[in-house]
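Q: Here it is, the structure in full.
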Amino acid sequence: MSRQKVVVTGLGVVVPHGDDIDAVYQRIIRGENECGRITKFDPEGFLCQIGSEVKYEVEAPDMVGPYTVHNDALRYVVGAADRAVKYANLDAATGDEQDRRAIVLSTGVGPANIDFLGPIALRLHGEDSDPYTSDMASFYAQAPDEPEAQGLDEFHLDTAAPACAVLIGAAHVNNTASACASGSHAVADAAAMIARGEVDVALAGGVCTPVTRVLVPGFAMLQALSTRNDDPEHASRPFDAGRDGFVMGEGAAVLILESEEHAKARGATILAELAGWGYSCDAYRLTDPQPEGVGMALCMTRAIESAGLKPEDVDHVNAHGTSTPYNDRAETLAIKKALGDHAYKTPVSSNKSMFGHLIHAAGALEGCLSVKTILEGVIPPTANYEEADPLCDLDYVPNTGRPAKVDVILKNSFGFGGMNVSVVYRRYEG
Amino acid sequence: MGRRFIVGAGCVTWAGLGIEALEQALRGEAPPFAVESPGSGPSIDVGRVGPIKDPASAATYRRWGQVDTYSRYGYVAARLALEQSGLTLEEREAYGVFLGTSYGCMEENQRFDRYTIKEGVLKGASPLVFKGTVDNAPAGWIAVAFKLRGPNATFVSGDGAGAESMWSGLRQIEAMRAPGLLCGGVERFVDLHLVLRERDPDWQGATLSEGSGVVLVEDEAAMRARDVTPLAELVGVVRHRGSITEGLQAVGVRLGLRLEDVGLVSLATPTLERLAEERAELEQSAKEGGHGAALEGIEFVADKVTLGEFHGAWGGVAVCAALTRREPGGWNGRKYALVHVRGEGDESFYVALGEPVKPE
């Protein structure tokens with residue numbers, strides 16, 4: 001079976017830095033930061049009190065087909081998808097053509113986690129006197145006639161992918177949840193569907209709204225979050241010697257992928273090629289990466305080989321770069337394993353230094369920025385890089401965006417459970 | 001293109017651990033469902049599994065004690081499938097894990113939320129509890145415990161998630177990204193649904209059941225090298241929008257199967273009444289199409305009626321159930337079995353199993 005060439009024709013984001021990918025990229029290459037004290041709930045008393053939030057009114061349709069856009073997460077992802085579809089100048093398919101389109105979304109835990117599950121749990125445990133009982137009552141009062149459909153959708157955002165499917169007229173709907181790797185996982189899976197010739201167009205991306213009273217302290221307990229509460233703008237500092245964890249971020253990011261043939265046939269502007277992808281699993285520990293970066297390196301090597309490239313072809317690594325002590329050290333080792341001596345000549349930067357970690361949306365957002373890097377020729381910096389860590393000894397593009405001709409970018413995403421995904425974006429040569 | 005085979009199967013249901021327990025349940029020999037009520041609402045049947053203390057699984061992993069209940073469902077099913085496959089530790093290295101779930105870690109989330117709300121997260125909750133609140137925890141634990149370093153993913157595409165794991169897993173094997181993968185689903189959601197059912201008096205679905213069904217799918221070459229006997233061929237997984245009649249026709253076209261060679265069709269139907277309706281629709285459609293005879297000899301089953309509603313785990317459980325229905329020579333003397341799993345929207349998955357002829 002011949003493999004179809006996969007190209008990127010649309011980008012859309014709703015992230016802390018804004019909802020226009022071109023403007024967001026400009027802010028990123030200037031090193032602008034959006035991390036601050038959490039406003040979505042009162043974090044007083046919590047170990048971690050900082051986050052990267054969407055603080056503006058997001059314009060998105062209130063309804064998409066039969067789906068009501070009824071919470072922040074849906075608004076973010078439908079908004080991002082809407083922008084990507086417009087960016088790609090793509091019409092919704094009808095009839096049999098819908099079978100040639102797919103959605104692959106990474107959807108994290110929805111915003112109702114604390115407002116929905118917690119009160120029900122209290123009820124199951126017979127603790128009706130708890131103050132949250134009133135929240136449960138209000139939920140029930142507001143719930144429509146079909147509580148399962150509405151209530152549980154709040155949890156897993158089950159309507160996000162079908163709603164996005166309406167925007168492009170897609171018949172096939174897929175949801176992944178591979179934790180922090182799943183944004184890139186969605187992109188890779190969508191690309192694979194196109195490459196195999198199963199579909200012509202796919203909308204791929206992710207959404208996450210993890211700045212909640214449950215997830216922030218939960219991740220903090222795992223010692224994954226920065227506790228630099230008095231200096232949030234400098235809290236996310238990947239590869240810096242003083243890093244102490246990541247900053248939780250929220251938002252959504254979407255890419256429109258097409259077969260080259262389909263994109264050309266409709267006269268679309270091709271932004272970049274999605275040339276290869278690789279997967280692996282550390283099989284080491286649930287929450288820690290394998291310290292030597294063996295699984296990460298394997299994943300990168302598979303992605304490079306999948307693109308038909310050699311390590312020395314890689315011009316830039318858009319790192320997972322979470323700002324945790326373990327990840328950044330292991331990723332550095334892994335890059336050196338995968339690229340060999342070429343690693344020392346390759347600029348490596350972490351976008352998370354400016355908007356934190358968008359968990360399920362991270363890989364897609366950083367994929368969008370990778371495409372922009374190829375197009376615009378400025379490598380985003382790693383912000384807040386002040387003191388070198390002897391164990392992280394690569395070129396991390398400290399603090400200032402760097403003009404460079406970039407043809408090939410290796411984008412890494414690694415997640416809870418040891419899941420690793422790498423994606424290769426390449427300049428499109430018609 | 002090579003063929004792929006199922007070389008191991010495991011499941012965890014209210015009837016017990018393993019496909020033998022599933023087989024007993026299908027024969028009507030399992031213990032009855034539990035009858036539970038969330039409080040003021042009517043009592044309903046549930047197929048609850050609950051905490052698992054499985055010494056055989058505990059012996060496989062020194063951190064078994066840290067594995068949450070949701071993950072244990074998948075873990076035990078995966079262990080059983082791996083053991084049946086005979087894969088050695090060295091051979092497992094490149095194998096992957098693809099699991100599906102619809103509600104995933106609901107109950108662990110409830111526990112964690114309760115800690116957070118009632119007791120204060122800083123003093124009340126354990127990091128181990130939080131680990132269990134992540135959807136892909138089962139796939140992670142399985143990979144870690146059994147050293148499976150191939151592709152690893154969790155799908156959350158509603159009730160079709162378990163079947164989607166097989167659909168996607170097959171493609172990983174075809175692309176030679178792994179010689180084999182554990183595929184299936186895991187689900188734990190009974191408590192939450194008990195509350196919701198109380199408010200849904202019109203609900204007519206199947207009994208709420210939770211658990212896991214996992215199969216090990218392996219490339220023919222890898223299986224041949226290990227000289228093992230497969231349980232079945234995984235001929236393919238077809239996704240189709242539209243009626244079941246159209247879906248079965250699409251399976252025939254896309255996989256090159258003749259309905260005359262199909263001996264079993266397992267429909268994702270929650271009631272016997274609905275099964276009768278769907279069968280009548282199929283027969284009418286086949287008659288109109290001039291191939292009514294093709295349906296004669298096919299056994300239509302609705303295993304959800306007996307086993308319960310597993311949501312995202314259904315794909316894995318239903319395939320395990322179909323495997324237990326195989327007899328020497330195939331299914332009802334025919335070569336193929338089709339397992340129907342409803343996905344999101346009006347999309348369905350059709351998992352096609354073939355008679356487990358050992359490759360020459």
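In the structure tokens, each chain is lettered A, B, ... as it comes, each chain's residues begin at 1, and ligands are numbered from 1 in order of appearance.
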Contacts of A:Ser182 at 8 Å or less, counting only C-alpha atoms, minus same-chain residues fewer than 2 places along, as a list of chain:residue names?
A: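 Counting only the stated atoms, we get A:Ser106, A:Thr176, A:Ala177, A:Ser178, A:Ala179, A:Cys180, A:Ser184, A:His185, A:Ala186, A:Gly206, A:Ile359, A:His360, A:Ala361, A:Gly363, A:Ser413, A:Gly415.
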Q: Output N, CA, C and O atoms for every residue in that selection, as a PDB file, in the first residue's frame.
A:
```
ATOM      1  N   SER A 106      -7.876  14.777  21.488  1.00  0.00           N
ATOM      2  CA  SER A 106      -7.450  14.382  22.821  1.00  0.00           C
ATOM      3  C   SER A 106      -8.246  15.215  23.818  1.00  0.00           C
ATOM      4  O   SER A 106      -8.134  16.447  23.827  1.00  0.00           O
ATOM      5  N   THR A 176      -8.728  10.276  22.048  1.00  0.00           N
ATOM      6  CA  THR A 176      -7.627   9.636  22.761  1.00  0.00           C
ATOM      7  C   THR A 176      -7.465  10.292  24.126  1.00  0.00           C
ATOM      8  O   THR A 176      -7.857  11.441  24.319  1.00  0.00           O
ATOM      9  N   ALA A 177      -6.878   9.558  25.037  1.00  0.00           N
ATOM     10  CA  ALA A 177      -6.618  10.119  26.369  1.00  0.00           C
ATOM     11  C   ALA A 177      -5.332   9.518  26.895  1.00  0.00           C
ATOM     12  O   ALA A 177      -5.332   8.768  27.852  1.00  0.00           O
ATOM     13  N   SER A 178      -4.251   9.830  26.238  1.00  0.00           N
ATOM     14  CA  SER A 178      -2.950   9.300  26.645  1.00  0.00           C
ATOM     15  C   SER A 178      -2.185  10.343  27.445  1.00  0.00           C
ATOM     16  O   SER A 178      -0.996  10.562  27.238  1.00  0.00           O
ATOM     17  N   ALA A 179      -2.911  11.012  28.330  1.00  0.00           N
ATOM     18  CA  ALA A 179      -2.324  11.993  29.243  1.00  0.00           C
ATOM     19  C   ALA A 179      -1.522  13.045  28.477  1.00  0.00           C
ATOM     20  O   ALA A 179      -1.957  13.514  27.435  1.00  0.00           O
ATOM     21  N   CYS A 180      -0.357  13.400  28.974  1.00  0.00           N
ATOM     22  CA  CYS A 180       0.396  14.533  28.420  1.00  0.00           C
ATOM     23  C   CYS A 180       0.886  14.280  27.003  1.00  0.00           C
ATOM     24  O   CYS A 180       1.283  15.209  26.315  1.00  0.00           O
ATOM     25  N   SER A 184      -0.119  15.120  20.802  1.00  0.00           N
ATOM     26  CA  SER A 184       0.674  14.624  19.671  1.00  0.00           C
ATOM     27  C   SER A 184       0.171  13.263  19.215  1.00  0.00           C
ATOM     28  O   SER A 184       0.258  12.921  18.030  1.00  0.00           O
ATOM     29  N   HIS A 185      -0.341  12.483  20.161  1.00  0.00           N
ATOM     30  CA  HIS A 185      -0.894  11.185  19.793  1.00  0.00           C
ATOM     31  C   HIS A 185      -2.066  11.376  18.822  1.00  0.00           C
ATOM     32  O   HIS A 185      -2.182  10.662  17.815  1.00  0.00           O
ATOM     33  N   ALA A 186      -2.906  12.338  19.106  1.00  0.00           N
ATOM     34  CA  ALA A 186      -4.043  12.611  18.221  1.00  0.00           C
ATOM     35  C   ALA A 186      -3.556  13.021  16.834  1.00  0.00           C
ATOM     36  O   ALA A 186      -4.081  12.575  15.812  1.00  0.00           O
ATOM     37  N   GLY A 206      -6.317  18.832  20.622  1.00  0.00           N
ATOM     38  CA  GLY A 206      -6.642  18.484  21.991  1.00  0.00           C
ATOM     39  C   GLY A 206      -7.159  19.663  22.771  1.00  0.00           C
ATOM     40  O   GLY A 206      -7.032  20.820  22.351  1.00  0.00           O
ATOM     41  N   ILE A 359      -1.357  19.885  29.060  1.00  0.00           N
ATOM     42  CA  ILE A 359      -1.687  18.455  29.201  1.00  0.00           C
ATOM     43  C   ILE A 359      -2.220  17.882  27.883  1.00  0.00           C
ATOM     44  O   ILE A 359      -1.440  17.698  26.965  1.00  0.00           O
ATOM     45  N   HIS A 360      -3.518  17.619  27.767  1.00  0.00           N
ATOM     46  CA  HIS A 360      -4.042  16.958  26.573  1.00  0.00           C
ATOM     47  C   HIS A 360      -3.922  17.821  25.313  1.00  0.00           C
ATOM     48  O   HIS A 360      -3.996  17.309  24.201  1.00  0.00           O
ATOM     49  N   ALA A 361      -3.783  19.106  25.478  1.00  0.00           N
ATOM     50  CA  ALA A 361      -3.691  19.987  24.315  1.00  0.00           C
ATOM     51  C   ALA A 361      -2.245  20.365  23.997  1.00  0.00           C
ATOM     52  O   ALA A 361      -1.972  20.987  22.966  1.00  0.00           O
ATOM     53  N   GLY A 363       0.610  18.858  23.020  1.00  0.00           N
ATOM     54  CA  GLY A 363       1.273  18.403  21.795  1.00  0.00           C
ATOM     55  C   GLY A 363       0.721  19.084  20.556  1.00  0.00           C
ATOM     56  O   GLY A 363       1.470  19.400  19.622  1.00  0.00           O
ATOM     57  N   SER A 413       6.409  14.606  22.755  1.00  0.00           N
ATOM     58  CA  SER A 413       5.382  14.652  23.801  1.00  0.00           C
ATOM     59  C   SER A 413       5.452  13.355  24.600  1.00  0.00           C
ATOM     60  O   SER A 413       5.390  12.265  24.021  1.00  0.00           O
ATOM     61  N   GLY A 415       4.162  11.262  28.326  1.00  0.00           N
ATOM     62  CA  GLY A 415       3.068  11.364  29.280  1.00  0.00           C
ATOM     63  C   GLY A 415       3.075  10.357  30.406  1.00  0.00           C
ATOM     64  O   GLY A 415       3.846   9.393  30.423  1.00  0.00           O
TER      65      GLY A 415
END
```
Q: Can you pull out the residues contacting B:Ser165? Cut-off 7 Å, using only C-alpha atoms, and skip same-chain residues under 5 positions away; I want them as a ChimeraX atom specification.
A: /B:98-100,155,183-184
Q: For the residues in the current selection, export all heavy atoms as a PDB file, in the first residue's frame.
A:
```pdb
ATOM      1  N   PHE B  98      -3.238  -1.087  23.843  1.00  0.00           N
ATOM      2  CA  PHE B  98      -4.271  -0.132  23.444  1.00  0.00           C
ATOM      3  C   PHE B  98      -5.556  -0.521  24.162  1.00  0.00           C
ATOM      4  O   PHE B  98      -6.098  -1.600  23.932  1.00  0.00           O
ATOM      5  CB  PHE B  98      -4.519  -0.190  21.923  1.00  0.00           C
ATOM      6  CG  PHE B  98      -3.565   0.638  21.103  1.00  0.00           C
ATOM      7  CD1 PHE B  98      -2.369   1.087  21.620  1.00  0.00           C
ATOM      8  CD2 PHE B  98      -3.867   0.973  19.790  1.00  0.00           C
ATOM      9  CE1 PHE B  98      -1.486   1.859  20.875  1.00  0.00           C
ATOM     10  CE2 PHE B  98      -2.997   1.740  19.019  1.00  0.00           C
ATOM     11  CZ  PHE B  98      -1.799   2.177  19.558  1.00  0.00           C
ATOM     12  N   LEU B  99      -6.042   0.360  25.018  1.00  0.00           N
ATOM     13  CA  LEU B  99      -7.276   0.069  25.741  1.00  0.00           C
ATOM     14  C   LEU B  99      -8.304   1.177  25.492  1.00  0.00           C
ATOM     15  O   LEU B  99      -7.939   2.321  25.230  1.00  0.00           O
ATOM     16  CB  LEU B  99      -7.016  -0.046  27.241  1.00  0.00           C
ATOM     17  CG  LEU B  99      -6.157  -1.218  27.712  1.00  0.00           C
ATOM     18  CD1 LEU B  99      -6.013  -1.178  29.222  1.00  0.00           C
ATOM     19  CD2 LEU B  99      -6.753  -2.555  27.273  1.00  0.00           C
ATOM     20  N   GLY B 100      -9.555   0.809  25.619  1.00  0.00           N
ATOM     21  CA  GLY B 100     -10.612   1.790  25.493  1.00  0.00           C
ATOM     22  C   GLY B 100     -11.419   1.886  26.775  1.00  0.00           C
ATOM     23  O   GLY B 100     -11.515   0.926  27.542  1.00  0.00           O
ATOM     24  N   PHE B 155      -8.164   5.032  24.486  1.00  0.00           N
ATOM     25  CA  PHE B 155      -9.188   5.675  23.672  1.00  0.00           C
ATOM     26  C   PHE B 155     -10.427   5.909  24.533  1.00  0.00           C
ATOM     27  O   PHE B 155     -10.810   5.040  25.316  1.00  0.00           O
ATOM     28  CB  PHE B 155      -9.541   4.804  22.462  1.00  0.00           C
ATOM     29  CG  PHE B 155      -8.334   4.505  21.610  1.00  0.00           C
ATOM     30  CD1 PHE B 155      -7.539   3.396  21.859  1.00  0.00           C
ATOM     31  CD2 PHE B 155      -7.958   5.367  20.602  1.00  0.00           C
ATOM     32  CE1 PHE B 155      -6.399   3.140  21.100  1.00  0.00           C
ATOM     33  CE2 PHE B 155      -6.820   5.127  19.832  1.00  0.00           C
ATOM     34  CZ  PHE B 155      -6.046   4.005  20.093  1.00  0.00           C
ATOM     35  N   CYS B 183      -5.309  -5.486  23.282  1.00  0.00           N
ATOM     36  CA  CYS B 183      -6.379  -4.558  22.910  1.00  0.00           C
ATOM     37  C   CYS B 183      -7.655  -4.929  23.661  1.00  0.00           C
ATOM     38  O   CYS B 183      -7.904  -6.102  23.929  1.00  0.00           O
ATOM     39  CB  CYS B 183      -6.668  -4.647  21.414  1.00  0.00           C
ATOM     40  SG  CYS B 183      -5.294  -4.222  20.351  1.00  0.00           S
ATOM     41  N   GLY B 184      -8.462  -3.945  23.948  1.00  0.00           N
ATOM     42  CA  GLY B 184      -9.726  -4.226  24.614  1.00  0.00           C
ATOM     43  C   GLY B 184     -10.201  -3.020  25.389  1.00  0.00           C
ATOM     44  O   GLY B 184      -9.904  -1.882  25.027  1.00  0.00           O
TER      45      GLY B 184
END
```
Q: For B:Arg188, please output as an MDAnalysis selection string all residues within 12 Å (counting only C-alpha atoms; exclusion window: fewer than 4 positions along the same chain).
A: chainID B and resid 12:14 46:51 68:74 100:110 132:133 135 138 192:193 208:212 309:314
Q: Any chance you can output those residues with C-alpha atoms as a short mmCIF file (atom, residue, chain, number, x, y, z; two decimals), in the first residue's frame?
A:
```cif
data_model
loop_
_atom_site.label_atom_id
_atom_site.label_comp_id
_atom_site.auth_asym_id
_atom_site.auth_seq_id
_atom_site.Cartn_x
_atom_site.Cartn_y
_atom_site.Cartn_z
CA VAL B 12 -12.93 -9.56 34.43
CA THR B 13 -16.66 -9.48 35.01
CA TRP B 14 -19.15 -9.86 37.85
CA VAL B 46 -25.85 -4.42 38.64
CA GLY B 47 -22.86 -6.47 37.61
CA ARG B 48 -20.41 -5.01 40.06
CA VAL B 49 -16.90 -6.39 40.29
CA GLY B 50 -15.51 -4.35 43.16
CA PRO B 51 -12.04 -4.59 44.68
CA ASP B 68 -6.14 1.11 41.85
CA THR B 69 -9.30 -0.92 41.37
CA TYR B 70 -10.11 0.53 37.94
CA SER B 71 -6.65 -0.38 36.71
CA ARG B 72 -6.83 -3.81 38.33
CA TYR B 73 -9.72 -4.75 36.10
CA GLY B 74 -7.60 -4.18 33.02
CA GLY B 100 -10.61 1.79 25.49
CA THR B 101 -12.85 3.24 28.16
CA SER B 102 -15.93 5.39 28.24
CA TYR B 103 -16.17 6.49 31.85
CA GLY B 104 -12.78 5.25 32.90
CA CYS B 105 -11.75 6.24 36.31
CA MET B 106 -15.09 7.62 37.52
CA GLU B 107 -15.02 5.92 40.86
CA GLU B 108 -11.43 6.85 41.58
CA ASN B 109 -12.31 10.42 40.68
CA GLN B 110 -15.20 10.27 43.11
CA GLY B 132 -5.99 6.16 39.69
CA THR B 133 -7.89 9.22 38.51
CA ASP B 135 -7.85 7.52 32.26
CA PRO B 138 -4.59 0.78 33.34
CA LEU B 192 -22.27 6.91 39.35
CA HIS B 193 -24.81 5.28 37.10
CA LEU B 208 -25.02 -2.04 34.51
CA SER B 209 -21.87 -4.10 34.43
CA GLU B 210 -18.24 -3.17 34.84
CA GLY B 211 -14.96 -4.90 34.25
CA SER B 212 -12.61 -5.56 31.39
CA GLU B 309 -23.77 -3.01 29.75
CA PHE B 310 -19.99 -2.54 29.86
CA HIS B 311 -19.84 0.70 27.88
CA GLY B 312 -16.26 1.26 26.69
CA ALA B 313 -15.20 -2.21 27.78
CA TRP B 314 -17.90 -3.85 25.68
#
```
Q: Write out as a PyMOL selection string all residues of stretch 76-187 of chain B that DSSP puts in alpha helix (DSSP H) for this structure's backbone.
A: chain B and resi 76-85+89-92+106-114+121-124+127-131+137-146+161-174
Q: B:Val351: which residues within 6 Å, counting only C-alpha atoms, same-chain residues fewer than 5 positions away excluded, as a PyMOL selection string?
A: chain B and resi 237+338-339
Q: Print the selection's residues with C-alpha atoms to a file, as a PDB file, in the first residue's frame.
A:
```pdb
ATOM      1  CA  VAL B 237     -12.454  -4.269  12.201  1.00  0.00           C
ATOM      2  CA  LEU B 338     -19.060 -10.802  13.589  1.00  0.00           C
ATOM      3  CA  VAL B 339     -19.166  -8.715  16.752  1.00  0.00           C
TER       4      VAL B 339
END
```
Q: Enter the distance from atom CA of A:Thr324 to atom CA of A:Val294, in Å, rounded to one decimal.
A: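 Straight-line distance from atom CA of A:Thr324 to atom CA of A:Val294 works out to 17.7 Å.
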Q: Show me, as a compact mmCIF listing (two decimals) with all heavy atoms, in the first residue's frame, the residues that have an atom within 10 Å of A:Leu394 when counting only C-alpha atoms, minus same-chain residues fewer than 6 positions from it.
A:
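After the write, around_24.txt holds the following:
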```txt
# COMPACT_ATOMS: atom_id res chain seq x y z
N PHE A 239 14.66 23.06 31.69
CA PHE A 239 16.10 22.83 31.51
C PHE A 239 16.97 23.74 32.38
O PHE A 239 18.18 23.61 32.40
CB PHE A 239 16.51 22.98 30.03
CG PHE A 239 15.71 22.08 29.12
CD1 PHE A 239 14.75 22.58 28.27
CD2 PHE A 239 15.93 20.71 29.13
CE1 PHE A 239 14.01 21.75 27.44
CE2 PHE A 239 15.19 19.86 28.29
CZ PHE A 239 14.23 20.38 27.46
N THR A 332 16.82 15.34 27.77
CA THR A 332 18.14 15.72 27.25
C THR A 332 18.95 14.49 26.88
O THR A 332 19.55 14.42 25.79
CB THR A 332 18.89 16.56 28.31
OG1 THR A 332 18.15 17.77 28.54
CG2 THR A 332 20.30 16.90 27.86
N LEU A 333 18.99 13.51 27.78
CA LEU A 333 19.71 12.27 27.48
C LEU A 333 19.13 11.59 26.24
O LEU A 333 19.87 11.06 25.39
CB LEU A 333 19.64 11.32 28.67
CG LEU A 333 20.51 11.66 29.86
CD1 LEU A 333 20.14 10.80 31.07
CD2 LEU A 333 21.99 11.46 29.52
N ILE A 335 17.49 12.94 23.71
CA ILE A 335 17.82 13.67 22.46
C ILE A 335 19.24 13.31 22.03
O ILE A 335 19.51 13.09 20.84
CB ILE A 335 17.66 15.19 22.67
CG1 ILE A 335 16.18 15.54 22.87
CG2 ILE A 335 18.23 15.96 21.49
CD1 ILE A 335 15.92 16.97 23.35
N LYS A 336 20.13 13.20 23.01
CA LYS A 336 21.51 12.85 22.66
C LYS A 336 21.60 11.42 22.13
O LYS A 336 22.36 11.12 21.21
CB LYS A 336 22.41 13.05 23.88
CG LYS A 336 22.60 14.53 24.21
CD LYS A 336 23.69 14.78 25.21
CE LYS A 336 23.21 14.66 26.62
NZ LYS A 336 24.18 15.16 27.62
N ALA A 343 23.02 16.27 18.27
CA ALA A 343 22.22 16.88 19.33
C ALA A 343 22.82 18.19 19.80
O ALA A 343 22.09 19.15 20.11
CB ALA A 343 22.08 15.91 20.51
N TYR A 344 24.15 18.25 19.84
CA TYR A 344 24.80 19.45 20.36
C TYR A 344 24.72 20.63 19.37
O TYR A 344 24.95 21.77 19.73
CB TYR A 344 26.27 19.15 20.70
CG TYR A 344 26.38 18.23 21.90
CD1 TYR A 344 26.55 16.86 21.73
CD2 TYR A 344 26.30 18.74 23.19
CE1 TYR A 344 26.64 16.02 22.83
CE2 TYR A 344 26.40 17.91 24.30
CZ TYR A 344 26.56 16.55 24.11
OH TYR A 344 26.64 15.71 25.20
N LYS A 345 24.39 20.32 18.12
CA LYS A 345 24.28 21.39 17.12
C LYS A 345 22.82 21.78 16.89
O LYS A 345 22.52 22.63 16.05
CB LYS A 345 24.86 20.90 15.78
CG LYS A 345 26.29 20.43 15.84
CD LYS A 345 26.66 19.79 14.50
CE LYS A 345 27.94 18.98 14.64
NZ LYS A 345 28.12 18.03 13.53
N THR A 346 21.92 21.11 17.61
CA THR A 346 20.49 21.29 17.34
C THR A 346 19.84 22.17 18.39
O THR A 346 19.87 21.83 19.59
CB THR A 346 19.78 19.92 17.31
OG1 THR A 346 20.46 19.07 16.40
CG2 THR A 346 18.32 20.07 16.90
N PRO A 347 19.24 23.27 18.01
CA PRO A 347 18.51 24.08 19.00
C PRO A 347 17.30 23.32 19.56
O PRO A 347 16.52 22.76 18.79
CB PRO A 347 18.04 25.30 18.19
CG PRO A 347 18.74 25.23 16.89
CD PRO A 347 19.16 23.83 16.66
N VAL A 348 17.21 23.31 20.87
CA VAL A 348 16.11 22.62 21.56
C VAL A 348 15.39 23.67 22.40
O VAL A 348 16.03 24.38 23.18
CB VAL A 348 16.66 21.51 22.49
CG1 VAL A 348 15.52 20.86 23.27
CG2 VAL A 348 17.46 20.47 21.71
N SER A 349 14.09 23.80 22.23
CA SER A 349 13.42 24.76 23.11
C SER A 349 12.08 24.23 23.59
O SER A 349 11.49 23.35 22.98
CB SER A 349 13.23 26.12 22.42
OG SER A 349 12.39 26.02 21.31
N ALA A 388 22.48 27.25 34.02
CA ALA A 388 22.64 25.96 33.33
C ALA A 388 22.67 24.81 34.33
O ALA A 388 23.27 24.91 35.39
CB ALA A 388 23.93 25.98 32.52
```
Q: Compare B:Gly28, B:Gly158, B:Gly8, B:Gly180 by their minimum atom-to-atom distance to chain A, counting only C-alpha atoms, and give me the closest one.
A: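 Looking only at the distances to chain A, the closest residue turns out to be B:Gly158.
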Q: Closest to B:Ala163 among B:Ile244, B:Val228, B:Leu234, B:Arg79, using only C-alpha atoms?
A: B:Leu234
Q: Would you kindly return, as JSON, numbers by chain, each protein, DNA or RNA residue with an atom no farther than 10 Å from any atom of stretch 17-21 of chain B, considering only C-alpha atoms and excluding same-chain residues fewer than 4 positions away?
A: {"B": [9, 10, 11, 12, 13, 25, 26, 27, 29, 30, 49, 52, 54, 73, 76, 77, 79, 80, 81, 211, 212, 213, 317, 320, 321, 323, 324]}
Q: Rounded to one decimal place, report the atom CA of A:Ala188-atom CA of A:Ala202 distance in Å.
A: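 Computing it gives 10.8 Å between the two atoms.
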Q: Can you measure atom CA of A:Leu225 to atom CA of A:Phe246 for me? One decimal in Å is fine.
A: 4.6 Å
Q: Point out the residue among B:Val134, B:Met166, B:Ala143, B:Val251 with the least atom-to-atom distance to B:Gly185, counting only C-alpha atoms.
A: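 Closest residue, counting only C-alpha atoms: B:Met166.
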Q: If we count only C-alpha atoms and set the cut-off at 8 Å, which residues sit around A:Tyr279, ignoring sequence neighbours fewer than 3 positions away in its own chain? Please answer as a ChimeraX atom specification.
A: /A:299,302-303,419-422 /B:150-152,177
Q: Mind dumping the selected residues with N, CA and C atoms as an mmCIF file, in the first residue's frame?
A:
```cif
data_model
loop_
_atom_site.group_PDB
_atom_site.id
_atom_site.type_symbol
_atom_site.label_atom_id
_atom_site.label_comp_id
_atom_site.auth_asym_id
_atom_site.auth_seq_id
_atom_site.Cartn_x
_atom_site.Cartn_y
_atom_site.Cartn_z
ATOM 1 N N CYS A 299 11.366 6.478 20.705
ATOM 2 C CA CYS A 299 10.236 7.148 20.076
ATOM 3 C C CYS A 299 10.722 8.164 19.036
ATOM 4 N N ARG A 302 12.140 6.377 16.014
ATOM 5 C CA ARG A 302 11.074 5.826 15.171
ATOM 6 C C ARG A 302 10.418 6.918 14.331
ATOM 7 N N ALA A 303 10.243 8.087 14.927
ATOM 8 C CA ALA A 303 9.613 9.184 14.181
ATOM 9 C C ALA A 303 10.504 9.648 13.039
ATOM 10 N N MET A 419 3.931 6.917 28.271
ATOM 11 C CA MET A 419 3.601 7.005 26.850
ATOM 12 C C MET A 419 4.474 8.067 26.180
ATOM 13 N N ASN A 420 5.050 7.734 25.057
ATOM 14 C CA ASN A 420 5.887 8.676 24.320
ATOM 15 C C ASN A 420 5.403 8.768 22.873
ATOM 16 N N VAL A 421 5.323 9.984 22.375
ATOM 17 C CA VAL A 421 4.979 10.201 20.972
ATOM 18 C C VAL A 421 5.892 11.308 20.441
ATOM 19 N N SER A 422 6.473 11.088 19.277
ATOM 20 C CA SER A 422 7.234 12.141 18.593
ATOM 21 C C SER A 422 6.678 12.312 17.193
ATOM 22 N N GLY B 150 6.039 -1.253 23.505
ATOM 23 C CA GLY B 150 5.514 -0.819 22.204
ATOM 24 C C GLY B 150 4.528 0.318 22.360
ATOM 25 N N PRO B 151 3.803 0.651 21.308
ATOM 26 C CA PRO B 151 2.838 1.759 21.365
ATOM 27 C C PRO B 151 1.843 1.561 22.507
ATOM 28 N N ASN B 152 1.475 2.673 23.125
ATOM 29 C CA ASN B 152 0.590 2.597 24.288
ATOM 30 C C ASN B 152 -0.421 3.729 24.192
ATOM 31 N N ARG B 177 4.680 -1.226 13.482
ATOM 32 C CA ARG B 177 5.146 -0.498 14.661
ATOM 33 C C ARG B 177 5.171 -1.389 15.890
#
```
Q: Can you list every residue in stretch 133-261 of chain A that DSSP puts in strand (DSSP E), as a count of residues only?
A: 24
